[in-house]
>>> print(open('final39.cif').read())   # mmCIF, N, CA and C atoms and all ligand atoms
data_final
#
loop_
_atom_site.label_atom_id
_atom_site.label_comp_id
_atom_site.auth_asym_id
_atom_site.auth_seq_id
_atom_site.Cartn_x
_atom_site.Cartn_y
_atom_site.Cartn_z
N MET A 23 25.43 -17.21 13.81
CA MET A 23 25.31 -15.98 14.59
C MET A 23 23.83 -15.57 14.69
N THR A 24 23.38 -15.29 15.92
CA THR A 24 21.99 -14.85 16.08
C THR A 24 21.83 -13.47 15.43
N GLU A 25 20.74 -13.33 14.71
CA GLU A 25 20.53 -12.14 13.90
C GLU A 25 19.03 -11.81 13.92
N ARG A 26 18.71 -10.56 13.61
CA ARG A 26 17.30 -10.16 13.50
C ARG A 26 16.98 -9.67 12.10
N THR A 27 15.74 -9.88 11.70
CA THR A 27 15.28 -9.38 10.41
C THR A 27 13.88 -8.82 10.56
N LEU A 28 13.52 -7.93 9.63
CA LEU A 28 12.16 -7.38 9.65
C LEU A 28 11.32 -8.19 8.67
N ALA A 29 10.20 -8.69 9.15
CA ALA A 29 9.27 -9.43 8.29
C ALA A 29 7.96 -8.67 8.25
N ILE A 30 7.35 -8.64 7.07
CA ILE A 30 6.00 -8.04 6.94
C ILE A 30 5.07 -9.07 6.30
N ILE A 31 3.91 -9.25 6.92
CA ILE A 31 2.80 -9.93 6.24
C ILE A 31 2.02 -8.80 5.57
N LYS A 32 2.09 -8.75 4.25
CA LYS A 32 1.60 -7.60 3.49
C LYS A 32 0.06 -7.53 3.50
N PRO A 33 -0.48 -6.35 3.17
CA PRO A 33 -1.94 -6.18 3.19
C PRO A 33 -2.70 -7.20 2.34
N ASP A 34 -2.12 -7.65 1.23
CA ASP A 34 -2.84 -8.64 0.40
C ASP A 34 -3.06 -9.93 1.17
N ALA A 35 -2.07 -10.34 1.97
CA ALA A 35 -2.19 -11.59 2.74
C ALA A 35 -3.06 -11.41 3.98
N VAL A 36 -2.95 -10.25 4.64
CA VAL A 36 -3.80 -10.00 5.82
C VAL A 36 -5.27 -9.98 5.39
N GLU A 37 -5.53 -9.30 4.26
CA GLU A 37 -6.91 -9.20 3.76
C GLU A 37 -7.49 -10.58 3.44
N ARG A 38 -6.63 -11.50 3.00
CA ARG A 38 -7.10 -12.84 2.63
C ARG A 38 -7.07 -13.81 3.81
N HIS A 39 -6.89 -13.26 5.03
CA HIS A 39 -6.94 -14.06 6.26
C HIS A 39 -5.88 -15.16 6.30
N LEU A 40 -4.68 -14.79 5.79
CA LEU A 40 -3.58 -15.76 5.77
C LEU A 40 -2.57 -15.51 6.89
N ALA A 41 -2.81 -14.48 7.72
CA ALA A 41 -1.82 -14.10 8.74
C ALA A 41 -1.54 -15.25 9.71
N GLY A 42 -2.58 -15.91 10.17
CA GLY A 42 -2.39 -16.99 11.15
C GLY A 42 -1.53 -18.11 10.60
N LYS A 43 -1.81 -18.50 9.35
CA LYS A 43 -1.03 -19.58 8.72
C LYS A 43 0.44 -19.17 8.59
N ILE A 44 0.67 -17.91 8.22
CA ILE A 44 2.05 -17.44 8.02
C ILE A 44 2.79 -17.37 9.36
N VAL A 45 2.13 -16.87 10.41
CA VAL A 45 2.77 -16.82 11.73
C VAL A 45 3.08 -18.24 12.21
N GLN A 46 2.17 -19.17 11.95
CA GLN A 46 2.43 -20.57 12.33
C GLN A 46 3.69 -21.10 11.65
N ARG A 47 3.84 -20.79 10.36
CA ARG A 47 5.04 -21.26 9.62
C ARG A 47 6.31 -20.63 10.18
N ILE A 48 6.19 -19.37 10.61
CA ILE A 48 7.34 -18.68 11.21
C ILE A 48 7.74 -19.39 12.51
N GLU A 49 6.77 -19.70 13.34
CA GLU A 49 7.07 -20.37 14.61
C GLU A 49 7.57 -21.79 14.36
N ASP A 50 6.96 -22.50 13.43
CA ASP A 50 7.39 -23.87 13.13
C ASP A 50 8.83 -23.90 12.62
N SER A 51 9.27 -22.80 12.00
CA SER A 51 10.63 -22.76 11.45
C SER A 51 11.68 -22.38 12.48
N GLY A 52 11.25 -22.09 13.70
CA GLY A 52 12.21 -21.87 14.77
C GLY A 52 12.61 -20.42 15.02
N PHE A 53 11.90 -19.47 14.41
CA PHE A 53 12.17 -18.06 14.71
C PHE A 53 11.58 -17.69 16.07
N GLN A 54 12.26 -16.79 16.76
CA GLN A 54 11.66 -16.11 17.91
C GLN A 54 11.06 -14.81 17.40
N ILE A 55 9.81 -14.54 17.77
CA ILE A 55 9.20 -13.25 17.41
C ILE A 55 9.54 -12.27 18.52
N ARG A 56 10.39 -11.28 18.20
CA ARG A 56 10.85 -10.31 19.20
C ARG A 56 9.95 -9.09 19.29
N ALA A 57 9.17 -8.82 18.25
CA ALA A 57 8.19 -7.73 18.26
C ALA A 57 7.19 -8.00 17.15
N MET A 58 5.94 -7.56 17.36
CA MET A 58 4.90 -7.80 16.35
C MET A 58 3.79 -6.77 16.51
N ARG A 59 3.34 -6.20 15.40
CA ARG A 59 2.26 -5.20 15.47
C ARG A 59 1.47 -5.16 14.16
N LEU A 60 0.18 -4.90 14.30
CA LEU A 60 -0.68 -4.64 13.13
C LEU A 60 -0.55 -3.16 12.82
N VAL A 61 -0.19 -2.82 11.58
CA VAL A 61 -0.02 -1.41 11.24
C VAL A 61 -0.72 -1.06 9.94
N ARG A 62 -1.36 0.09 9.95
CA ARG A 62 -1.95 0.61 8.71
C ARG A 62 -1.04 1.75 8.25
N MET A 63 -0.20 1.47 7.28
CA MET A 63 0.74 2.49 6.80
C MET A 63 0.01 3.54 5.98
N SER A 64 0.42 4.79 6.13
CA SER A 64 -0.04 5.83 5.21
C SER A 64 0.78 5.67 3.93
N LYS A 65 0.37 6.36 2.88
CA LYS A 65 1.13 6.33 1.62
C LYS A 65 2.55 6.81 1.88
N ARG A 66 2.66 7.86 2.68
CA ARG A 66 3.97 8.42 3.02
C ARG A 66 4.83 7.43 3.81
N ASP A 67 4.21 6.71 4.74
CA ASP A 67 4.94 5.67 5.49
C ASP A 67 5.51 4.63 4.53
N ALA A 68 4.66 4.19 3.59
CA ALA A 68 5.08 3.15 2.64
C ALA A 68 6.18 3.69 1.72
N GLU A 69 6.07 4.96 1.31
CA GLU A 69 7.09 5.57 0.45
C GLU A 69 8.43 5.65 1.18
N GLY A 70 8.38 5.95 2.47
CA GLY A 70 9.61 6.02 3.26
C GLY A 70 10.23 4.64 3.41
N PHE A 71 9.39 3.65 3.66
CA PHE A 71 9.89 2.29 3.85
C PHE A 71 10.58 1.78 2.59
N TYR A 72 9.96 2.03 1.44
CA TYR A 72 10.47 1.52 0.16
C TYR A 72 11.26 2.58 -0.61
N ALA A 73 11.84 3.55 0.09
CA ALA A 73 12.55 4.66 -0.57
C ALA A 73 13.62 4.17 -1.57
N VAL A 74 14.26 3.05 -1.30
CA VAL A 74 15.29 2.56 -2.24
C VAL A 74 14.71 2.22 -3.61
N HIS A 75 13.40 1.99 -3.66
CA HIS A 75 12.76 1.63 -4.94
C HIS A 75 12.07 2.83 -5.60
N ARG A 76 12.35 4.07 -5.13
CA ARG A 76 11.52 5.20 -5.59
C ARG A 76 11.60 5.47 -7.09
N ASP A 77 12.69 5.04 -7.74
CA ASP A 77 12.79 5.28 -9.19
C ASP A 77 12.28 4.10 -10.03
N ARG A 78 11.78 3.08 -9.38
CA ARG A 78 11.30 1.91 -10.11
C ARG A 78 9.89 2.16 -10.65
N PRO A 79 9.57 1.55 -11.79
CA PRO A 79 8.23 1.77 -12.38
C PRO A 79 7.09 1.28 -11.48
N PHE A 80 7.38 0.33 -10.59
CA PHE A 80 6.31 -0.24 -9.75
C PHE A 80 6.15 0.50 -8.42
N PHE A 81 6.93 1.58 -8.20
CA PHE A 81 6.93 2.24 -6.88
C PHE A 81 5.54 2.73 -6.48
N LYS A 82 4.83 3.37 -7.43
CA LYS A 82 3.53 3.95 -7.09
C LYS A 82 2.54 2.84 -6.70
N SER A 83 2.48 1.82 -7.51
CA SER A 83 1.48 0.79 -7.20
C SER A 83 1.90 -0.03 -5.98
N LEU A 84 3.19 -0.23 -5.77
CA LEU A 84 3.65 -0.94 -4.57
C LEU A 84 3.27 -0.17 -3.30
N THR A 85 3.50 1.15 -3.31
CA THR A 85 3.20 1.93 -2.10
C THR A 85 1.69 2.08 -1.91
N GLU A 86 0.94 2.05 -3.02
CA GLU A 86 -0.53 2.04 -2.88
C GLU A 86 -1.00 0.74 -2.23
N LEU A 87 -0.44 -0.37 -2.68
CA LEU A 87 -0.80 -1.67 -2.08
C LEU A 87 -0.44 -1.68 -0.59
N MET A 88 0.77 -1.24 -0.28
CA MET A 88 1.25 -1.35 1.11
C MET A 88 0.47 -0.44 2.06
N SER A 89 -0.20 0.58 1.50
CA SER A 89 -1.00 1.47 2.35
C SER A 89 -2.50 1.21 2.17
N SER A 90 -2.84 0.11 1.52
CA SER A 90 -4.25 -0.16 1.21
C SER A 90 -5.01 -0.81 2.37
N GLY A 91 -4.31 -1.28 3.38
CA GLY A 91 -4.97 -1.95 4.50
C GLY A 91 -3.93 -2.35 5.52
N PRO A 92 -4.36 -2.98 6.61
CA PRO A 92 -3.40 -3.34 7.64
C PRO A 92 -2.38 -4.39 7.19
N ALA A 93 -1.18 -4.24 7.70
CA ALA A 93 -0.10 -5.21 7.51
C ALA A 93 0.36 -5.63 8.90
N ILE A 94 1.06 -6.75 8.97
CA ILE A 94 1.64 -7.18 10.25
C ILE A 94 3.15 -7.11 10.12
N VAL A 95 3.76 -6.30 11.00
CA VAL A 95 5.21 -6.15 10.99
C VAL A 95 5.79 -6.91 12.18
N MET A 96 6.91 -7.58 11.96
CA MET A 96 7.53 -8.40 13.00
C MET A 96 9.04 -8.27 12.95
N ALA A 97 9.66 -8.31 14.12
CA ALA A 97 11.11 -8.50 14.19
C ALA A 97 11.33 -9.96 14.55
N LEU A 98 11.99 -10.69 13.64
CA LEU A 98 12.24 -12.13 13.85
C LEU A 98 13.70 -12.36 14.18
N GLU A 99 13.93 -13.27 15.09
CA GLU A 99 15.31 -13.57 15.49
C GLU A 99 15.59 -15.06 15.32
N ALA A 100 16.77 -15.37 14.83
CA ALA A 100 17.23 -16.76 14.66
C ALA A 100 18.69 -16.70 14.23
N PRO A 101 19.40 -17.81 14.30
CA PRO A 101 20.70 -17.84 13.66
C PRO A 101 20.51 -17.59 12.16
N ASP A 102 21.26 -16.65 11.61
CA ASP A 102 21.20 -16.37 10.17
C ASP A 102 19.78 -15.98 9.71
N ALA A 103 19.11 -15.15 10.53
CA ALA A 103 17.68 -14.86 10.34
C ALA A 103 17.34 -14.25 8.98
N ILE A 104 18.23 -13.41 8.45
CA ILE A 104 17.91 -12.72 7.19
C ILE A 104 17.77 -13.75 6.07
N LYS A 105 18.77 -14.61 5.96
CA LYS A 105 18.76 -15.63 4.90
C LYS A 105 17.66 -16.66 5.16
N LYS A 106 17.51 -17.03 6.40
CA LYS A 106 16.51 -18.05 6.78
C LYS A 106 15.09 -17.59 6.42
N TRP A 107 14.77 -16.32 6.69
CA TRP A 107 13.44 -15.80 6.37
C TRP A 107 13.27 -15.66 4.86
N ARG A 108 14.33 -15.25 4.16
CA ARG A 108 14.22 -15.13 2.70
C ARG A 108 14.02 -16.50 2.05
N THR A 109 14.64 -17.52 2.63
CA THR A 109 14.46 -18.89 2.12
C THR A 109 13.02 -19.36 2.35
N LEU A 110 12.49 -19.08 3.55
CA LEU A 110 11.11 -19.48 3.85
C LEU A 110 10.12 -18.75 2.94
N MET A 111 10.38 -17.46 2.65
CA MET A 111 9.48 -16.70 1.77
C MET A 111 9.52 -17.19 0.33
N GLY A 112 10.74 -17.52 -0.17
CA GLY A 112 10.91 -17.79 -1.60
C GLY A 112 11.21 -16.49 -2.34
N VAL A 113 11.52 -16.61 -3.64
CA VAL A 113 11.90 -15.42 -4.42
C VAL A 113 10.71 -14.49 -4.62
N THR A 114 11.02 -13.24 -5.04
CA THR A 114 10.00 -12.18 -5.13
C THR A 114 8.77 -12.59 -5.94
N ASP A 115 9.00 -13.21 -7.09
CA ASP A 115 7.88 -13.56 -7.97
C ASP A 115 7.32 -14.94 -7.58
N PRO A 116 6.09 -14.98 -7.08
CA PRO A 116 5.52 -16.27 -6.65
C PRO A 116 5.55 -17.34 -7.73
N ALA A 117 5.46 -16.91 -8.99
CA ALA A 117 5.46 -17.89 -10.10
C ALA A 117 6.81 -18.61 -10.20
N LYS A 118 7.86 -17.95 -9.70
CA LYS A 118 9.20 -18.54 -9.80
C LYS A 118 9.68 -19.12 -8.47
N ALA A 119 8.86 -18.98 -7.44
CA ALA A 119 9.29 -19.42 -6.10
C ALA A 119 9.22 -20.94 -5.99
N ASP A 120 10.10 -21.48 -5.14
CA ASP A 120 10.13 -22.93 -4.94
C ASP A 120 8.85 -23.43 -4.26
N PRO A 121 8.45 -24.66 -4.57
CA PRO A 121 7.30 -25.25 -3.88
C PRO A 121 7.54 -25.26 -2.37
N GLY A 122 6.49 -25.00 -1.63
CA GLY A 122 6.60 -25.03 -0.16
C GLY A 122 6.96 -23.68 0.44
N THR A 123 7.37 -22.71 -0.40
CA THR A 123 7.68 -21.38 0.15
C THR A 123 6.38 -20.59 0.34
N LEU A 124 6.47 -19.58 1.19
CA LEU A 124 5.28 -18.78 1.50
C LEU A 124 4.76 -18.04 0.27
N ARG A 125 5.69 -17.49 -0.52
CA ARG A 125 5.22 -16.74 -1.69
C ARG A 125 4.60 -17.67 -2.74
N LYS A 126 5.16 -18.88 -2.87
CA LYS A 126 4.56 -19.83 -3.81
C LYS A 126 3.14 -20.18 -3.35
N GLU A 127 3.00 -20.40 -2.04
CA GLU A 127 1.71 -20.84 -1.52
C GLU A 127 0.69 -19.72 -1.42
N PHE A 128 1.15 -18.54 -1.01
CA PHE A 128 0.20 -17.47 -0.67
C PHE A 128 0.27 -16.24 -1.56
N GLY A 129 1.30 -16.10 -2.40
CA GLY A 129 1.43 -14.93 -3.26
C GLY A 129 0.54 -15.04 -4.48
N GLN A 130 0.10 -13.88 -4.99
CA GLN A 130 -0.79 -13.87 -6.16
C GLN A 130 -0.10 -13.30 -7.39
N SER A 131 0.92 -12.45 -7.17
CA SER A 131 1.64 -11.82 -8.29
C SER A 131 2.96 -11.30 -7.74
N ILE A 132 3.83 -10.80 -8.64
CA ILE A 132 5.13 -10.29 -8.19
C ILE A 132 4.94 -9.14 -7.18
N GLU A 133 3.86 -8.39 -7.31
CA GLU A 133 3.62 -7.31 -6.35
C GLU A 133 2.84 -7.80 -5.13
N ARG A 134 1.78 -8.52 -5.36
CA ARG A 134 0.96 -9.05 -4.24
C ARG A 134 1.58 -10.40 -3.83
N ASN A 135 2.77 -10.29 -3.22
CA ASN A 135 3.56 -11.50 -2.96
C ASN A 135 3.59 -11.88 -1.47
N ALA A 136 2.60 -11.40 -0.73
CA ALA A 136 2.28 -11.88 0.63
C ALA A 136 3.22 -11.45 1.75
N THR A 137 4.52 -11.45 1.49
CA THR A 137 5.46 -11.17 2.59
C THR A 137 6.63 -10.32 2.09
N HIS A 138 7.27 -9.69 3.04
CA HIS A 138 8.50 -8.93 2.79
C HIS A 138 9.55 -9.36 3.80
N GLY A 139 10.81 -9.28 3.41
CA GLY A 139 11.91 -9.51 4.34
C GLY A 139 13.11 -8.64 4.00
N SER A 140 13.85 -8.26 5.01
CA SER A 140 15.06 -7.47 4.81
C SER A 140 16.06 -8.28 3.98
N ASP A 141 16.90 -7.56 3.20
CA ASP A 141 17.82 -8.29 2.33
C ASP A 141 19.28 -8.28 2.80
N ALA A 142 19.59 -7.53 3.85
CA ALA A 142 20.99 -7.46 4.32
C ALA A 142 20.98 -6.90 5.75
N PRO A 143 22.09 -7.08 6.49
CA PRO A 143 22.10 -6.60 7.88
C PRO A 143 21.81 -5.11 8.02
N HIS A 144 22.35 -4.27 7.11
CA HIS A 144 22.09 -2.83 7.29
C HIS A 144 20.64 -2.48 6.97
N THR A 145 20.02 -3.18 6.02
CA THR A 145 18.60 -2.90 5.75
C THR A 145 17.73 -3.44 6.89
N ALA A 146 18.13 -4.57 7.47
CA ALA A 146 17.36 -5.11 8.60
C ALA A 146 17.36 -4.11 9.76
N ALA A 147 18.51 -3.52 10.03
CA ALA A 147 18.60 -2.54 11.14
C ALA A 147 17.70 -1.33 10.84
N TYR A 148 17.75 -0.84 9.59
CA TYR A 148 16.92 0.31 9.20
C TYR A 148 15.44 -0.05 9.28
N GLU A 149 15.09 -1.21 8.74
CA GLU A 149 13.68 -1.58 8.64
C GLU A 149 13.07 -1.92 10.01
N ILE A 150 13.83 -2.57 10.88
CA ILE A 150 13.33 -2.83 12.24
C ILE A 150 13.12 -1.49 12.96
N GLY A 151 14.08 -0.59 12.81
CA GLY A 151 13.98 0.73 13.44
C GLY A 151 12.85 1.58 12.86
N TYR A 152 12.44 1.30 11.63
CA TYR A 152 11.35 2.05 11.00
C TYR A 152 10.03 1.80 11.74
N PHE A 153 9.87 0.60 12.26
CA PHE A 153 8.60 0.24 12.90
C PHE A 153 8.68 0.08 14.42
N PHE A 154 9.84 -0.23 14.96
CA PHE A 154 9.92 -0.54 16.39
C PHE A 154 10.99 0.29 17.09
N ALA A 155 10.62 0.81 18.25
CA ALA A 155 11.61 1.44 19.12
C ALA A 155 12.34 0.33 19.88
N GLY A 156 13.54 0.60 20.32
CA GLY A 156 14.33 -0.41 21.03
C GLY A 156 13.58 -1.02 22.20
N ILE A 157 12.81 -0.22 22.91
CA ILE A 157 12.10 -0.70 24.11
C ILE A 157 11.02 -1.73 23.77
N GLU A 158 10.58 -1.76 22.49
CA GLU A 158 9.55 -2.72 22.08
C GLU A 158 10.11 -4.07 21.67
N LEU A 159 11.43 -4.16 21.53
CA LEU A 159 12.06 -5.43 21.10
C LEU A 159 12.34 -6.26 22.33
N ILE A 160 11.69 -7.40 22.37
CA ILE A 160 11.71 -8.17 23.63
C ILE A 160 12.67 -9.34 23.52
P1 LIG B 201 9.49 -6.89 -1.45
O1 LIG B 201 10.35 -8.02 -1.07
O2 LIG B 201 8.60 -6.29 -0.43
O3 LIG B 201 10.42 -5.73 -2.07
C1 LIG B 201 9.97 -4.80 -3.01
C2 LIG B 201 8.62 -5.15 -3.54
O4 LIG B 201 8.32 -4.55 -4.78
C3 LIG B 201 8.55 -6.63 -3.82
O5 LIG B 201 8.55 -7.37 -2.66
C4 LIG B 201 7.29 -6.70 -4.66
O6 LIG B 201 6.10 -6.61 -3.86
C5 LIG B 201 7.44 -5.43 -5.46
N1 LIG B 201 8.05 -5.69 -6.77
C6 LIG B 201 9.29 -6.09 -7.04
N2 LIG B 201 9.50 -6.22 -8.35
C7 LIG B 201 8.34 -5.87 -8.93
C8 LIG B 201 7.91 -5.80 -10.27
N3 LIG B 201 8.73 -6.09 -11.28
N4 LIG B 201 6.66 -5.40 -10.49
C9 LIG B 201 5.84 -5.09 -9.47
N5 LIG B 201 6.19 -5.14 -8.16
C10 LIG B 201 7.43 -5.54 -7.91
#
>>> encode(input="final39.cif", output="C-alpha cells", more="lines below")
Ligand code: CMP
Amino acid sequence: MTERTLAIIKPDAVERHLAGKIVQRIEDSGFQIRAMRLVRMSKRDAEGFYAVHRDRPFFKSLTELMSSGPAIVMALEAPDAIKKWRTLMGVTDPAKADPGTLRKEFGQSIERNATHGSDAPHTAAYEIGYFFAGIELI
C-alpha cells in the first residue's frame, strides 16, 4: 500500500554537509519526495514536534539540538514508506544500527543521529501536517 512518512535530516547532519548524500540515498531507495523544505525550528517548534517525549530526560537537549540550526523536512512516499524509511535509517542509536544504514554511517550519538522518521501511520499524519499544508504535498 502506498504510504507517506515524515523524514527529517536533523541539524547535526545538515551542519556536517551530509544532506546531499542522504537525499541521494532516499532517491536511490525508490522514495518519491512529495514535499521538501529547509526549516529552522524555534525551541517551541521542536518542543511541539517532540511533545510525546516531553517527560523524557533527554527532552531538553533534544529540543535544543533540533532548534540549533536548519533541518530538512520531507514527506516521502513509497509502498510501506514508514517501515521502509525506518529500515534505511537504522535503529535510534547509531552504535547499534546495522551496517549500511544512514544512522550507522552518519550518526554521531543516540541524540545526534542524523535523521528522524515517523513510527506509525497516525504519527506520520501528525508529523507531515506539522510542517506541510495539504497544498504543498505534490
Ligand atoms: P528520533 O527518531 O528523532 O526520536 C526521538 C529522538 O530522541 C531520537 O531520534 C534521538 O535523537 C533522541 N533520543 C532518543 N533516545 C535518546 C536517549 N536515550 N538519549 C538522548 N537522546 C535520545
>>> residues_around(input="final39.cif", residues="Phe71 of chain A", least_positions_apart="4", cutoff="8 Å", atoms="all atoms listed in the file", output="list of chain:residue names")
A:Lys65, A:Arg66, A:Asp67, A:His75, A:Glu149, A:Tyr152
>>> residues_near_ligand(input="final39.cif", ligand="ligand LIG 201 (chain B)", cutoff="6 Å", atoms="all atoms listed in the file", output="MDAnalysis selection string")
chainID A and resid 80 84 114 132:135 137:139
>>> closest_atom_pairs(input="final39.cif", of="segment 81-158 of chain A", to="segment 52-57 of chain A", cutoff="10 Å", atoms="only C-alpha atoms", output="tab-separated table")
residue	atom	partner	partner_atom	distance
A:Val95	CA	A:Ala57	CA	8.0
A:Met96	CA	A:Ala57	CA	5.3
A:Ala97	CA	A:Ala57	CA	5.1
A:Leu98	CA	A:Ile55	CA	4.8
A:Glu99	CA	A:Gln54	CA	5.1
A:Ala100	CA	A:Phe53	CA	5.2
A:Pro101	CA	A:Phe53	CA	8.6
A:Ala103	CA	A:Phe53	CA	7.7
A:Lys106	CA	A:Phe53	CA	9.0
A:Trp107	CA	A:Phe53	CA	8.7
A:Ile150	CA	A:Ala57	CA	9.3
A:Phe153	CA	A:Ala57	CA	9.6
A:Phe154	CA	A:Ala57	CA	7.6
A:Ala155	CA	A:Ala57	CA	9.8
A:Gly156	CA	A:Ala57	CA	9.9
A:Ile157	CA	A:Ala57	CA	9.9
A:Glu158	CA	A:Ala57	CA	6.4
>>> closest_residue(input="final39.cif", among="A:Leu40, A:Thr24, A:Gln130, A:Asp102", to="Asp115 of chain A", atoms="all atoms listed in the file")
A:Gln130
>>> axis_aligned_box(input="final39.cif", around="segment 107-117 of chain A", padding_each_side="8 Å", output="lines of an AutoDock Vina configuration file")
center_x = 10.1
center_y = -15.8
center_z = -1.8
size_x = 25.3
size_y = 23.3
size_z = 32.9
>>> closest_residue(input="final39.cif", among="A:Pro143, A:Ala73, A:Pro33, A:Thr109", to="Ile48 of chain A", atoms="only C-alpha atoms")
A:Thr109
>>> atom_distance(input="final39.cif", atom1="atom N of Arg38 of chain A", atom2="atom N of Ser90 of chain A")
12.3 Å
>>> residues_near_point(input="final39.cif", point="(14.8, -6.5, 7.6)", cutoff="7 Å", atoms="only N, CA and C atoms", output="NGL selection string")
:A and (26-29 or 104 or 139-142 or 145-150)
>>> atom_distance(input="final39.cif", atom1="atom CA of Ala41 of chain A", atom2="atom C of Ile160 of chain A")
21.2 Å
>>> select_by_dssp(input="final39.cif", residues="segment 34-99 of chain A", states="strand (DSSP E)", output="list in words")
Gln54, Ile55, Arg56, Ala57, Met58, Arg59, Leu60, Val61, Ala93, Ile94, Val95, Met96, Ala97, Leu98 and Glu99 of chain A
>>> closest_residue(input="final39.cif", among="A:Val45, A:Ala35, A:Met111, A:Met88", to="Tyr72 of chain A", atoms="only C-alpha atoms")
A:Met88
>>> atom_distance(input="final39.cif", atom1="atom N of Glu127 of chain A", atom2="atom CA of Asp34 of chain A")
13.4 Å
